[in-house]
file input_4.txt (compact mmCIF, C-alpha atoms)
# COMPACT_ATOMS: atom_id res chain seq x y z
CA MET A 1 7.52 7.85 -14.04
CA ILE A 2 7.74 4.96 -11.62
CA ALA A 3 6.81 1.72 -13.38
CA TYR A 4 6.84 -0.64 -10.39
CA VAL A 5 7.84 -0.98 -6.76
CA THR A 6 9.09 -4.23 -5.23
CA VAL A 7 9.31 -5.27 -1.58
CA GLY A 8 11.15 -8.35 -0.44
CA VAL A 9 9.55 -10.80 1.96
CA ASP A 10 10.43 -14.16 3.47
CA ASP A 11 6.84 -15.37 3.96
CA ILE A 12 4.78 -14.96 0.79
CA ALA A 13 1.61 -16.36 2.43
CA SER A 14 1.69 -13.74 5.22
CA ALA A 15 2.43 -11.00 2.71
CA LYS A 16 -0.45 -12.13 0.49
CA ARG A 17 -2.86 -12.05 3.45
CA PHE A 18 -1.64 -8.54 4.42
CA TYR A 19 -1.59 -6.90 0.97
CA SER A 20 -4.78 -8.60 -0.23
CA ALA A 21 -6.57 -7.06 2.77
CA PHE A 22 -6.39 -3.58 1.21
CA LEU A 23 -4.89 -3.42 -2.29
CA PRO A 24 -7.97 -4.83 -4.11
CA ALA A 25 -10.06 -2.05 -2.53
CA LEU A 26 -7.68 0.44 -4.17
CA GLY A 27 -8.21 -1.15 -7.59
CA TYR A 28 -5.24 -3.53 -7.69
CA GLU A 29 -5.65 -7.02 -9.08
CA LEU A 30 -3.48 -9.89 -7.88
CA GLU A 31 -1.46 -11.94 -10.34
CA GLU A 32 0.82 -14.71 -9.11
CA TYR A 33 3.95 -15.80 -10.97
CA HIS A 34 6.34 -18.50 -9.76
CA GLY A 35 5.17 -18.04 -6.16
CA ASP A 36 5.61 -14.25 -6.19
CA LEU A 37 2.82 -11.66 -6.01
CA SER A 38 2.14 -8.94 -8.56
CA TYR A 39 -0.52 -6.38 -7.75
CA VAL A 40 -1.43 -4.49 -10.92
CA LEU A 41 -3.94 -1.85 -11.85
CA PRO A 42 -6.20 -3.00 -14.68
CA LYS A 43 -5.68 -1.59 -18.15
CA GLU A 44 -8.72 0.25 -19.41
CA PRO A 45 -9.50 0.02 -23.14
CA GLY A 46 -8.02 2.91 -25.08
CA ARG A 47 -5.90 4.08 -22.15
CA PRO A 48 -2.24 3.51 -21.33
CA VAL A 49 -1.31 0.97 -18.70
CA ALA A 50 -1.94 2.29 -15.18
CA LEU A 51 1.26 2.45 -13.13
CA PRO A 52 2.94 1.63 -10.85
CA ASP A 53 2.65 -2.10 -10.34
CA PHE A 54 3.46 -3.40 -6.86
CA TYR A 55 5.49 -6.61 -6.56
CA VAL A 56 6.03 -8.78 -3.49
CA LYS A 57 8.88 -11.26 -3.95
CA SER A 58 11.43 -13.38 -2.20
CA PRO A 59 14.91 -11.85 -2.65
CA PHE A 60 16.61 -13.13 -5.80
CA ASP A 61 19.91 -13.69 -4.00
CA GLY A 62 18.36 -16.14 -1.53
CA SER A 63 19.32 -14.02 1.49
CA PRO A 64 16.69 -13.01 4.05
CA ALA A 65 14.53 -10.04 3.12
CA SER A 66 14.92 -6.84 5.11
CA ALA A 67 12.96 -3.60 5.30
CA GLY A 68 14.78 -0.46 4.26
CA ASN A 69 15.36 2.14 6.96
CA GLY A 70 13.54 5.27 5.78
CA THR A 71 11.82 3.42 2.94
CA MET A 72 8.04 3.69 2.76
CA ILE A 73 5.43 2.98 0.10
CA ALA A 74 2.26 5.07 0.09
CA PHE A 75 -1.07 4.10 -1.42
CA GLU A 76 -3.78 6.72 -2.03
CA ALA A 77 -7.29 5.97 -0.81
CA ARG A 78 -10.50 7.68 -1.99
CA ASN A 79 -11.33 9.28 1.36
CA GLN A 80 -10.65 9.31 5.09
CA ALA A 81 -13.13 6.52 5.82
CA GLN A 82 -11.37 4.25 3.36
CA VAL A 83 -8.03 5.03 5.02
CA ARG A 84 -9.48 3.96 8.38
CA ASP A 85 -11.16 0.85 6.95
CA LEU A 86 -8.11 -0.34 5.02
CA HIS A 87 -5.75 0.39 7.93
CA ALA A 88 -7.96 -1.79 10.17
CA ALA A 89 -8.17 -4.53 7.52
CA ALA A 90 -4.38 -4.57 7.09
CA LEU A 91 -3.87 -4.81 10.88
CA ALA A 92 -6.34 -7.70 11.05
CA ALA A 93 -4.40 -9.39 8.23
CA GLY A 94 -1.13 -9.46 10.16
CA GLY A 95 0.23 -5.93 9.87
CA SER A 96 1.45 -3.83 12.77
CA ASP A 97 0.47 -0.26 13.56
CA GLU A 98 2.98 2.52 12.90
CA GLY A 99 0.53 5.39 13.39
CA GLN A 100 -3.25 5.40 13.58
CA PRO A 101 -5.14 7.21 10.80
CA GLY A 102 -5.40 10.92 11.31
CA PHE A 103 -3.94 14.29 10.46
CA ARG A 104 -0.31 15.12 11.20
CA ALA A 105 0.77 18.63 12.13
CA SER A 106 3.86 18.42 9.92
CA TYR A 107 1.82 17.78 6.74
CA GLY A 108 -0.76 19.81 4.84
CA PRO A 109 -4.23 20.33 6.33
CA GLN A 110 -5.90 17.86 3.92
CA PHE A 111 -3.34 15.03 4.31
CA TYR A 112 -5.04 12.23 6.28
CA VAL A 113 -2.77 9.21 6.78
CA GLY A 114 -2.35 5.93 8.63
CA TYR A 115 0.92 4.00 8.83
CA LEU A 116 1.55 0.25 9.00
CA ARG A 117 4.27 -2.32 8.71
CA ASP A 118 3.70 -5.48 6.72
CA PRO A 119 4.62 -8.81 8.37
CA GLN A 120 8.19 -8.44 7.01
CA GLY A 121 8.59 -4.92 8.45
CA ASN A 122 8.15 -2.89 5.25
CA LYS A 123 6.53 0.47 6.03
CA ILE A 124 3.26 1.28 4.27
CA ALA A 125 1.20 4.48 4.28
CA LEU A 126 -2.47 4.72 3.38
CA PHE A 127 -3.53 8.31 2.77
CA SER A 128 -6.22 10.59 1.41
CA SER A 129 -5.98 14.23 0.43
CA ASN A 130 -9.59 14.48 -0.67
CA PRO A 131 -10.39 18.22 -0.90
CA ASP A 132 -14.11 17.51 -0.46
CA GLU A 133 -13.62 16.33 3.13
CA PRO A 134 -12.95 18.38 6.27
CA GLY A 135 -9.29 19.08 6.84
CA ARG A 136 -7.21 19.17 9.97
CA ASP A 137 -8.35 22.70 10.78
CA GLY A 138 -11.98 22.28 9.77
call {"tool": "encode", "arguments": {"input": "input_4.txt", "output": "structure tokens"}}
result
Amino acid sequence: MIAYVTVGVDDIASAKRFYSAFLPALGYELEEYHGDLSYVLPKEPGRPVALPDFYVKSPFDGSPASAGNGTMIAFEARNQAQVRDLHAAALAAGGSDEGQPGFRASYGPQFYVGYLRDPQGNKIALFSSNPDEPGRDG
């Protein structure tokens, strides 16, 4: 099980604006430690901790942050409308478009996805596979 994912950034303020534009709508709460950002899912009474956490930090070695080639982090939305809304909110908060929300022929007929890059260049996907909504062929 993945416990947490970390992305490196050089500008915490820009990253906070970008990630706070959509992660709270997906249930994440922001905690800040020593200038870094920790987005965590709340623990519900009587249930195990919800994972994974998502951390946004300056690189520990002091070198500039860089986005991994082929690296992408995907966040699941409730439905297609939320994918569209959160994609737009993330763009307005300083992200760049890597693929407008929609269906892709190379994925399953229910996989609705939009792609972004955060201000540092990290690739982010927002997707829904809600079986109660029309699919690509419907």
call {"tool": "closest_residue", "arguments": {"input": "input_4.txt", "among": "A:Ser14, A:Thr6, A:Asn122, A:Ser128", "to": "Asn69 of chain A", "atoms": "all atoms listed in the file"}}
result
A:Asn122
call {"tool": "axis_aligned_box", "arguments": {"input": "input_4.txt", "around": "segment 33-43 of chain A", "padding_each_side": "5 Å", "output": "AutoDock Vina command-line options"}}
result
--center_x 0.1 --center_y -10.0 --center_z -12.1 --size_x 22.5 --size_y 26.9 --size_z 22.1
call {"tool": "closest_residue", "arguments": {"input": "input_4.txt", "among": "A:Phe127, A:Leu86, A:Pro59, A:Ser38", "to": "Arg104 of chain A", "atoms": "all atoms listed in the file"}}
result
A:Phe127
call {"tool": "closest_atom_pairs", "arguments": {"input": "input_4.txt", "of": "segment 59-89 of chain A", "to": "segment 24-36 of chain A", "cutoff": "10 Å", "atoms": "all atoms listed in the file", "output": "JSON lines"}}
result
{"residue": "A:Phe75", "atom": "CA", "partner": "A:Leu26", "partner_atom": "CA", "distance": 8.0}
{"residue": "A:Glu76", "atom": "CA", "partner": "A:Leu26", "partner_atom": "CA", "distance": 7.7}
{"residue": "A:Ala77", "atom": "CA", "partner": "A:Leu26", "partner_atom": "CA", "distance": 6.5}
{"residue": "A:Arg78", "atom": "CA", "partner": "A:Leu26", "partner_atom": "CA", "distance": 8.1}
{"residue": "A:Gln82", "atom": "CA", "partner": "A:Ala25", "partner_atom": "CA", "distance": 8.7}
{"residue": "A:Asp85", "atom": "CA", "partner": "A:Ala25", "partner_atom": "CA", "distance": 10.0}
{"residue": "A:Leu86", "atom": "CA", "partner": "A:Ala25", "partner_atom": "CA", "distance": 8.0}
call {"tool": "closest_residue", "arguments": {"input": "input_4.txt", "among": "A:Ala3, A:Gly70, A:Val9, A:Lys16", "to": "Leu41 of chain A", "atoms": "only C-alpha atoms"}}
result
A:Ala3
